[in-house]
>>> print(open('structure17.txt').read())   # compact mmCIF, C-alpha atoms (C1' of nucleotides)
# COMPACT_ATOMS: atom_id res chain seq x y z
CA MET Y 1 115.28 111.20 121.98
CA SER Y 2 117.29 114.29 121.26
CA HIS Y 3 114.70 117.06 121.33
CA PRO Y 4 111.87 116.17 123.70
CA LYS Y 5 109.88 119.40 123.81
CA LYS Y 6 109.08 121.21 120.60
CA ARG Y 7 106.82 124.24 120.88
CA SER Y 8 105.83 124.27 117.21
CA VAL Y 9 107.15 123.25 113.81
CA CYS Y 10 108.57 126.71 113.17
CA PRO Y 11 112.30 126.55 112.46
CA VAL Y 12 112.86 129.68 114.54
CA ALA Y 13 111.06 128.24 117.55
CA CYS Y 14 112.75 124.85 117.16
CA THR Y 15 116.18 126.45 116.94
CA LEU Y 16 115.46 128.56 120.00
CA ASP Y 17 114.48 125.40 121.86
CA LEU Y 18 118.12 124.36 121.38
CA ILE Y 19 120.07 127.60 121.69
CA GLY Y 20 117.56 130.20 122.87
CA ASP Y 21 118.77 130.98 126.33
CA ARG Y 22 121.16 133.26 128.10
CA TRP Y 23 124.30 131.09 127.86
CA THR Y 24 124.34 128.54 125.07
CA LEU Y 25 125.45 130.91 122.32
CA ILE Y 26 128.13 132.34 124.59
CA VAL Y 27 129.63 128.86 124.90
CA ILE Y 28 129.33 128.32 121.15
CA ARG Y 29 131.03 131.66 120.57
CA ASP Y 30 133.94 130.44 122.69
CA LEU Y 31 134.05 127.12 120.87
CA LEU Y 32 134.16 128.94 117.54
CA ALA Y 33 136.99 131.04 118.94
CA GLY Y 34 138.99 127.90 119.60
CA LYS Y 35 138.37 127.29 123.28
CA SER Y 36 137.90 123.65 124.19
CA HIS Y 37 138.21 123.16 127.95
CA PHE Y 38 135.80 123.68 130.80
CA LYS Y 39 137.99 126.22 132.52
CA GLU Y 40 138.39 128.30 129.39
CA PHE Y 41 134.63 128.69 129.09
CA ALA Y 42 134.33 129.39 132.79
CA ASP Y 43 137.01 132.09 132.55
CA SER Y 44 135.20 134.11 129.88
CA PRO Y 45 134.36 137.63 131.02
CA GLU Y 46 130.63 136.91 131.26
CA GLY Y 47 131.28 134.65 134.25
CA ILE Y 48 129.03 131.68 133.67
CA ALA Y 49 128.37 129.65 136.80
CA THR Y 50 130.01 126.25 136.69
CA ASN Y 51 126.81 124.30 137.25
CA ILE Y 52 125.18 126.14 134.34
CA LEU Y 53 128.23 125.57 132.17
CA ALA Y 54 128.21 121.84 132.91
CA ALA Y 55 124.50 121.67 132.11
CA ARG Y 56 124.93 123.58 128.83
CA LEU Y 57 127.83 121.42 127.71
CA ASN Y 58 125.79 118.30 128.43
CA ARG Y 59 122.86 119.62 126.46
CA LEU Y 60 125.07 120.61 123.54
CA VAL Y 61 126.61 117.15 123.48
CA GLU Y 62 123.17 115.53 123.67
CA SER Y 63 121.91 117.61 120.80
CA ASN Y 64 124.98 116.74 118.78
CA LEU Y 65 126.28 120.27 118.39
CA VAL Y 66 129.38 119.51 120.45
CA GLU Y 67 131.44 116.38 121.00
CA ARG Y 68 133.24 115.52 124.22
CA ARG Y 69 136.62 113.91 123.72
CA LEU Y 70 138.04 111.94 126.62
CA ASP Y 71 140.77 110.25 124.60
CA THR Y 72 143.23 113.07 125.08
CA THR Y 73 146.75 112.40 126.31
CA LYS Y 74 145.70 114.13 129.49
CA ALA Y 75 142.93 112.01 130.88
CA SER Y 76 140.12 113.64 132.84
CA HIS Y 77 140.56 116.87 130.94
CA PRO Y 78 137.92 116.40 128.29
CA GLU Y 79 138.10 118.44 125.18
CA TYR Y 80 134.93 119.95 123.78
CA ARG Y 81 134.72 120.48 120.05
CA LEU Y 82 131.98 121.69 117.77
CA THR Y 83 130.61 119.07 115.47
CA ARG Y 84 129.95 119.94 111.85
CA LYS Y 85 126.37 120.69 112.86
CA GLY Y 86 127.64 122.96 115.62
CA ARG Y 87 130.02 124.78 113.31
CA SER Y 88 127.14 125.42 110.96
CA LEU Y 89 125.82 127.86 113.56
CA LYS Y 90 128.56 130.27 112.61
CA PRO Y 91 126.31 132.43 110.40
CA VAL Y 92 123.91 132.77 113.33
CA LEU Y 93 126.72 133.92 115.60
CA SER Y 94 128.05 136.26 112.94
CA SER Y 95 124.73 137.95 112.37
CA ILE Y 96 124.27 138.41 116.10
CA ALA Y 97 127.78 139.80 116.52
CA ASN Y 98 127.29 142.17 113.60
CA TRP Y 99 123.98 143.39 114.95
CA GLY Y 100 125.51 144.02 118.35
CA MET Y 101 128.45 145.95 116.96
CA LYS Y 102 126.21 148.17 114.90
CA ASN Y 103 123.44 148.72 117.43
CA ILE Y 104 124.91 148.60 120.92
CA LYS Y 105 127.49 151.17 121.80
CA GLY Y 106 130.42 150.10 123.89
CA THR Y 107 130.66 146.68 122.31
CA ALA Y 108 133.93 145.35 120.94
CA MET Y 109 135.00 142.05 119.49
CA LYS Y 110 138.13 140.60 120.96
CA VAL Y 111 138.48 137.62 118.67
CA LYS Y 112 137.70 137.20 115.05
CA VAL Y 113 135.37 134.28 114.70
CA ASP Y 114 136.09 133.99 111.02
CA MET Q 115 119.07 153.91 131.26
CA SER Q 116 118.01 151.45 128.64
CA HIS Q 117 120.26 148.45 129.26
CA PRO Q 118 121.09 148.22 132.94
CA LYS Q 119 122.98 144.92 133.12
CA LYS Q 120 125.71 144.18 130.63
CA ARG Q 121 127.68 141.00 131.18
CA SER Q 122 130.64 142.06 129.07
CA VAL Q 123 131.51 144.26 126.12
CA CYS Q 124 131.14 141.38 123.68
CA PRO Q 125 128.56 142.20 120.99
CA VAL Q 126 127.23 138.64 121.16
CA ALA Q 127 126.72 138.81 124.92
CA CYS Q 128 125.23 142.31 124.73
CA THR Q 129 122.81 141.28 122.01
CA LEU Q 130 121.78 138.21 123.99
CA ASP Q 131 121.11 140.45 126.98
CA LEU Q 132 118.39 141.99 124.78
CA ILE Q 133 117.01 139.08 122.80
CA GLY Q 134 118.59 135.96 124.29
CA ASP Q 135 115.66 134.23 125.85
CA ARG Q 136 112.95 131.76 124.97
CA TRP Q 137 110.36 134.23 123.66
CA THR Q 138 111.70 137.55 122.42
CA LEU Q 139 112.72 136.35 118.97
CA ILE Q 140 109.40 134.57 118.56
CA VAL Q 141 107.64 137.90 119.04
CA ILE Q 142 110.04 139.60 116.65
CA ARG Q 143 109.41 136.83 114.12
CA ASP Q 144 105.68 137.60 114.34
CA LEU Q 145 106.30 141.33 114.01
CA LEU Q 146 108.41 140.73 110.91
CA ALA Q 147 105.57 138.61 109.57
CA GLY Q 148 103.22 141.56 109.89
CA LYS Q 149 101.45 140.88 113.16
CA SER Q 150 100.87 143.93 115.28
CA HIS Q 151 98.32 143.19 118.01
CA PHE Q 152 98.61 141.51 121.37
CA LYS Q 153 96.14 138.79 120.50
CA GLU Q 154 97.91 137.92 117.28
CA PHE Q 155 101.13 137.24 119.18
CA ALA Q 156 99.25 135.34 121.85
CA ASP Q 157 97.58 133.18 119.20
CA SER Q 158 100.82 131.96 117.67
CA PRO Q 159 101.20 128.18 117.87
CA GLU Q 160 103.96 128.36 120.49
CA GLY Q 161 101.40 129.58 123.03
CA ILE Q 162 103.20 132.31 124.90
CA ALA Q 163 101.62 133.12 128.25
CA THR Q 164 99.98 136.53 128.28
CA ASN Q 165 101.97 137.84 131.23
CA ILE Q 166 105.21 136.89 129.49
CA LEU Q 167 104.02 138.46 126.26
CA ALA Q 168 103.17 141.71 128.03
CA ALA Q 169 106.57 141.72 129.70
CA ARG Q 170 108.39 141.04 126.42
CA LEU Q 171 106.52 143.77 124.58
CA ASN Q 172 107.37 146.23 127.34
CA ARG Q 173 111.02 145.31 127.21
CA LEU Q 174 111.10 145.58 123.44
CA VAL Q 175 109.52 149.03 123.60
CA GLU Q 176 111.95 150.10 126.32
CA SER Q 177 114.92 148.95 124.29
CA ASN Q 178 113.59 150.77 121.25
CA LEU Q 179 113.18 147.71 119.06
CA VAL Q 180 109.40 148.10 118.96
CA GLU Q 181 107.06 151.08 119.16
CA ARG Q 182 103.63 151.03 120.74
CA ARG Q 183 101.05 153.07 118.87
CA LEU Q 184 97.97 154.13 120.77
CA ASP Q 185 96.76 156.66 118.23
CA THR Q 186 94.87 154.12 116.19
CA THR Q 187 91.28 154.73 115.18
CA LYS Q 188 90.41 151.95 117.57
CA ALA Q 189 91.53 153.19 120.96
CA SER Q 190 92.78 150.72 123.55
CA HIS Q 191 93.96 148.37 120.83
CA PRO Q 192 97.58 149.39 120.63
CA GLU Q 193 99.53 148.50 117.57
CA TYR Q 194 103.04 147.19 117.95
CA ARG Q 195 105.50 147.89 115.17
CA LEU Q 196 109.17 147.22 114.75
CA THR Q 197 111.36 150.28 114.72
CA ARG Q 198 114.14 150.56 112.17
CA LYS Q 199 116.46 149.13 114.80
CA GLY Q 200 114.08 146.23 115.34
CA ARG Q 201 113.75 145.56 111.63
CA SER Q 202 117.53 145.39 111.43
CA LEU Q 203 117.30 142.11 113.33
CA LYS Q 204 115.95 140.47 110.20
CA PRO Q 205 119.29 138.91 109.23
CA VAL Q 206 119.50 137.36 112.68
CA LEU Q 207 116.04 135.85 112.30
CA SER Q 208 116.83 134.68 108.78
CA SER Q 209 120.01 132.91 109.80
CA ILE Q 210 118.20 131.21 112.66
CA ALA Q 211 115.31 130.16 110.42
CA ASN Q 212 117.71 128.83 107.80
CA TRP Q 213 119.67 126.88 110.36
CA GLY Q 214 116.51 125.34 111.75
CA MET Q 215 115.21 124.30 108.35
CA LYS Q 216 118.48 122.64 107.44
CA ASN Q 217 119.23 121.01 110.77
CA ILE Q 218 115.98 120.15 112.48
CA LYS Q 219 113.72 117.71 110.77
CA GLY Q 220 110.02 118.36 110.93
CA THR Q 221 110.36 122.11 110.71
CA ALA Q 222 108.47 124.16 108.20
CA MET Q 223 108.06 127.84 107.54
CA LYS Q 224 104.53 129.07 107.26
CA VAL Q 225 105.26 132.65 106.31
CA LYS Q 226 107.97 134.13 104.25
CA VAL Q 227 109.66 136.81 106.29
CA ASP Q 228 111.20 138.37 103.21
C1' DT G 229 156.98 110.74 148.34
C1' DC G 230 154.11 114.06 150.07
C1' DT G 231 151.84 118.35 149.62
C1' DT G 232 149.76 121.88 146.89
C1' DT G 233 147.50 123.37 142.85
C1' DT G 234 144.66 122.88 138.97
C1' DT G 235 140.79 121.11 136.50
C1' DA G 236 136.25 119.53 136.08
C1' DC G 237 132.90 119.06 137.94
C1' DT G 238 128.59 118.35 141.88
C1' DT G 239 125.64 119.88 145.66
C1' DG G 240 122.74 122.97 148.39
C1' DC G 241 120.24 126.80 148.72
C1' DA G 242 118.42 131.57 147.57
C1' DT G 243 116.50 134.23 144.00
C1' DA G 244 114.63 135.13 139.53
C1' DA G 245 112.17 133.67 135.43
C1' DT G 246 108.53 131.19 133.39
C1' DA G 247 104.07 128.61 133.15
C1' DC G 248 99.32 128.16 134.15
C1' DA G 249 94.89 129.60 135.65
C1' DA G 250 92.02 133.15 136.71
C1' DG G 251 90.37 137.72 136.99
C1' DT G 252 89.62 142.67 135.36
C1' DA G 253 88.57 146.88 132.66
C1' DA G 254 87.44 149.03 128.47
C1' DA G 255 85.73 148.91 123.98
C1' DA G 256 83.07 146.78 120.34
C1' DA G 257 79.39 143.81 118.72
C1' DG G 258 74.86 141.98 118.91
C1' DC E 259 71.60 146.46 127.70
C1' DT E 260 74.15 142.00 127.46
C1' DT E 261 77.78 139.40 125.50
C1' DT E 262 82.10 139.08 123.37
C1' DT E 263 86.64 140.52 122.36
C1' DT E 264 90.96 142.56 123.42
C1' DA E 265 94.63 143.70 126.33
C1' DC E 266 96.11 143.16 129.84
C1' DT E 267 97.12 142.03 135.55
C1' DT E 268 97.45 139.07 139.57
C1' DG E 269 98.46 134.89 142.21
C1' DT E 270 100.72 130.84 142.66
C1' DA E 271 103.34 126.69 141.32
C1' DT E 272 107.21 125.14 138.86
C1' DT E 273 111.55 125.64 136.68
C1' DA E 274 115.84 127.99 135.73
C1' DT E 275 119.58 130.59 137.16
C1' DG E 276 123.05 132.48 140.41
C1' DC E 277 126.24 131.99 144.12
C1' DA E 278 129.08 129.71 147.36
C1' DA E 279 131.08 125.76 148.71
C1' DG E 280 132.68 121.12 148.38
C1' DT E 281 134.81 116.95 146.02
C1' DA E 282 137.69 113.74 143.27
C1' DA E 283 141.33 112.99 140.18
C1' DA E 284 145.29 114.38 137.90
C1' DA E 285 149.34 117.29 137.49
C1' DA E 286 152.97 120.13 139.44
C1' DG E 287 156.21 121.28 142.83
C1' DA E 288 159.21 120.57 147.09
>>> encode(input="structure17.txt", output="structure tokens")
Amino acid sequence: MSHPKKRSVCPVACTLDLIGDRWTLIVIRDLLAGKSHFKEFADSPEGIATNILAARLNRLVESNLVERRLDTTKASHPEYRLTRKGRSLKPVLSSIANWGMKNIKGTAMKVKVD
Amino acid sequence: MSHPKKRSVCPVACTLDLIGDRWTLIVIRDLLAGKSHFKEFADSPEGIATNILAARLNRLVESNLVERRLDTTKASHPEYRLTRKGRSLKPVLSSIANWGMKNIKGTAMKVKVD
DNA sequence: TCTTTTTACTTGCATAATACAAGTAAAAAG
DNA sequence: CTTTTTACTTGTATTATGCAAGTAAAAAGA
């Protein structure tokens, strides 16, 4: 089963059960920005711990928002890519980024997500 | 200081430092839906624990997304209301709700937020 | 070929966040 | 008065996160 614990039938609550934590949307932001390897995510300025990163990537793959590709020319360097479902989170990321830029001083976007 | 720990200057990360957890956006959803009292939030189907709810409301007031009104006719029954800044999170909630309705089966919206 | 570096993790442990149950104080209702 | 309701707080168990270190395999360099 993909989503074992559902707090309610509310779409907000259900979505937060998937992405409502401190790190998942940071990883998705990086994926939208074109990053695809473990180290790239780990090197982001927020400094996610590697055990947390591994756990988040596994969860994202399990929930079908991300696919892990092992069939690269370089073996053992899996590539992580957003699925179509994962890419459809772009409006969520955009609205969050826009809110942050307007409401939190000192914020700046380094990469254009769109 | 209102926001002590900032992981980076990224607007996504900074916004998640404020609202990126399991419960904050659920409370904001309820506020957008017109709820204003502690018990109303506690009675939502997700079943937030009362200590967590109290902590979230305090944080939201501290970060100026919500105001606590004690000057009601009924004393000791504070009313919680979104500030203008808090209401400006509506597009974030909408995009999350829309994503959930399209991508998670079994979800349903009970109240129209708009 | 052998050694070093890089990548992608895992493991162990301390700390922080959350969940659950219960209790409390003040106001309102009966 | 007594009971109920509301808005919390407190204590403790469980879970999540953070931090440092270690590991295995591949790639790069001497």
>>> atom_distance(input="structure17.txt", atom1="atom CA of Leu93 of chain Y", atom2="atom CA of Arg29 of chain Y")
7.0 Å
>>> interface_residues(input="structure17.txt", of="chain Y", to="chain E", cutoff="12 Å", atoms="only C-alpha atoms (C1' of nucleotides)", output="list in words")
Asp21, Arg22, Trp23, Gly47, Ile48, Ala49, Thr50, Asn51, Ile52, Leu53, Ala55, Thr73, Lys74, Ala75, Ser76 and His77 of chain Y
>>> interface_residues(input="structure17.txt", of="chain G", to="chain Q", cutoff="8 Å", atoms="all atoms listed in the file", output="tab-separated table (two decimals) with C-alpha atoms (C1' of nucleotides), in the coordinates of the input")
chain	number	residue	atom	x	y	z
G	246	DT	C1'	108.53	131.19	133.39
G	247	DA	C1'	104.07	128.61	133.15
G	254	DA	C1'	87.44	149.03	128.47
G	255	DA	C1'	85.73	148.91	123.98
>>> atom_distance(input="structure17.txt", atom1="atom CA of Phe152 of chain Q", atom2="atom CA of Ala168 of chain Q")
8.1 Å
>>> interface_residues(input="structure17.txt", of="chain Q", to="chain Y", cutoff="10 Å", atoms="only C-alpha atoms", output="PDB file with C-alpha atoms, in the frame of the given file")
ATOM      1  CA  HIS Q 117     120.260 148.450 129.260  1.00  0.00           C
ATOM      2  CA  LYS Q 120     125.710 144.180 130.630  1.00  0.00           C
ATOM      3  CA  ARG Q 121     127.680 141.000 131.180  1.00  0.00           C
ATOM      4  CA  SER Q 122     130.640 142.060 129.070  1.00  0.00           C
ATOM      5  CA  VAL Q 123     131.510 144.260 126.120  1.00  0.00           C
ATOM      6  CA  CYS Q 124     131.140 141.380 123.680  1.00  0.00           C
ATOM      7  CA  PRO Q 125     128.560 142.200 120.990  1.00  0.00           C
ATOM      8  CA  VAL Q 126     127.230 138.640 121.160  1.00  0.00           C
ATOM      9  CA  ALA Q 127     126.720 138.810 124.920  1.00  0.00           C
ATOM     10  CA  CYS Q 128     125.230 142.310 124.730  1.00  0.00           C
ATOM     11  CA  THR Q 129     122.810 141.280 122.010  1.00  0.00           C
ATOM     12  CA  LEU Q 130     121.780 138.210 123.990  1.00  0.00           C
ATOM     13  CA  ASP Q 131     121.110 140.450 126.980  1.00  0.00           C
ATOM     14  CA  LEU Q 132     118.390 141.990 124.780  1.00  0.00           C
ATOM     15  CA  ILE Q 133     117.010 139.080 122.800  1.00  0.00           C
ATOM     16  CA  GLY Q 134     118.590 135.960 124.290  1.00  0.00           C
ATOM     17  CA  ASP Q 135     115.660 134.230 125.850  1.00  0.00           C
ATOM     18  CA  ARG Q 136     112.950 131.760 124.970  1.00  0.00           C
ATOM     19  CA  TRP Q 137     110.360 134.230 123.660  1.00  0.00           C
ATOM     20  CA  THR Q 138     111.700 137.550 122.420  1.00  0.00           C
ATOM     21  CA  LEU Q 139     112.720 136.350 118.970  1.00  0.00           C
ATOM     22  CA  ILE Q 140     109.400 134.570 118.560  1.00  0.00           C
ATOM     23  CA  ARG Q 143     109.410 136.830 114.120  1.00  0.00           C
ATOM     24  CA  SER Q 158     100.820 131.960 117.670  1.00  0.00           C
ATOM     25  CA  PRO Q 159     101.200 128.180 117.870  1.00  0.00           C
ATOM     26  CA  GLU Q 160     103.960 128.360 120.490  1.00  0.00           C
ATOM     27  CA  GLY Q 161     101.400 129.580 123.030  1.00  0.00           C
ATOM     28  CA  ILE Q 162     103.200 132.310 124.900  1.00  0.00           C
ATOM     29  CA  LYS Q 199     116.460 149.130 114.800  1.00  0.00           C
ATOM     30  CA  GLY Q 200     114.080 146.230 115.340  1.00  0.00           C
ATOM     31  CA  SER Q 202     117.530 145.390 111.430  1.00  0.00           C
ATOM     32  CA  LEU Q 203     117.300 142.110 113.330  1.00  0.00           C
ATOM     33  CA  LYS Q 204     115.950 140.470 110.200  1.00  0.00           C
ATOM     34  CA  PRO Q 205     119.290 138.910 109.230  1.00  0.00           C
ATOM     35  CA  VAL Q 206     119.500 137.360 112.680  1.00  0.00           C
ATOM     36  CA  LEU Q 207     116.040 135.850 112.300  1.00  0.00           C
ATOM     37  CA  SER Q 208     116.830 134.680 108.780  1.00  0.00           C
ATOM     38  CA  SER Q 209     120.010 132.910 109.800  1.00  0.00           C
ATOM     39  CA  ILE Q 210     118.200 131.210 112.660  1.00  0.00           C
ATOM     40  CA  ALA Q 211     115.310 130.160 110.420  1.00  0.00           C
ATOM     41  CA  ASN Q 212     117.710 128.830 107.800  1.00  0.00           C
ATOM     42  CA  TRP Q 213     119.670 126.880 110.360  1.00  0.00           C
ATOM     43  CA  GLY Q 214     116.510 125.340 111.750  1.00  0.00           C
ATOM     44  CA  MET Q 215     115.210 124.300 108.350  1.00  0.00           C
ATOM     45  CA  LYS Q 216     118.480 122.640 107.440  1.00  0.00           C
ATOM     46  CA  ASN Q 217     119.230 121.010 110.770  1.00  0.00           C
ATOM     47  CA  ILE Q 218     115.980 120.150 112.480  1.00  0.00           C
ATOM     48  CA  LYS Q 219     113.720 117.710 110.770  1.00  0.00           C
ATOM     49  CA  GLY Q 220     110.020 118.360 110.930  1.00  0.00           C
ATOM     50  CA  THR Q 221     110.360 122.110 110.710  1.00  0.00           C
ATOM     51  CA  ALA Q 222     108.470 124.160 108.200  1.00  0.00           C
ATOM     52  CA  MET Q 223     108.060 127.840 107.540  1.00  0.00           C
ATOM     53  CA  LYS Q 224     104.530 129.070 107.260  1.00  0.00           C
ATOM     54  CA  VAL Q 225     105.260 132.650 106.310  1.00  0.00           C
TER      55      VAL Q 225
END
>>> atom_distance(input="structure17.txt", atom1="atom CA of Arg84 of chain Y", atom2="atom CA of Lys5 of chain Y")
23.4 Å
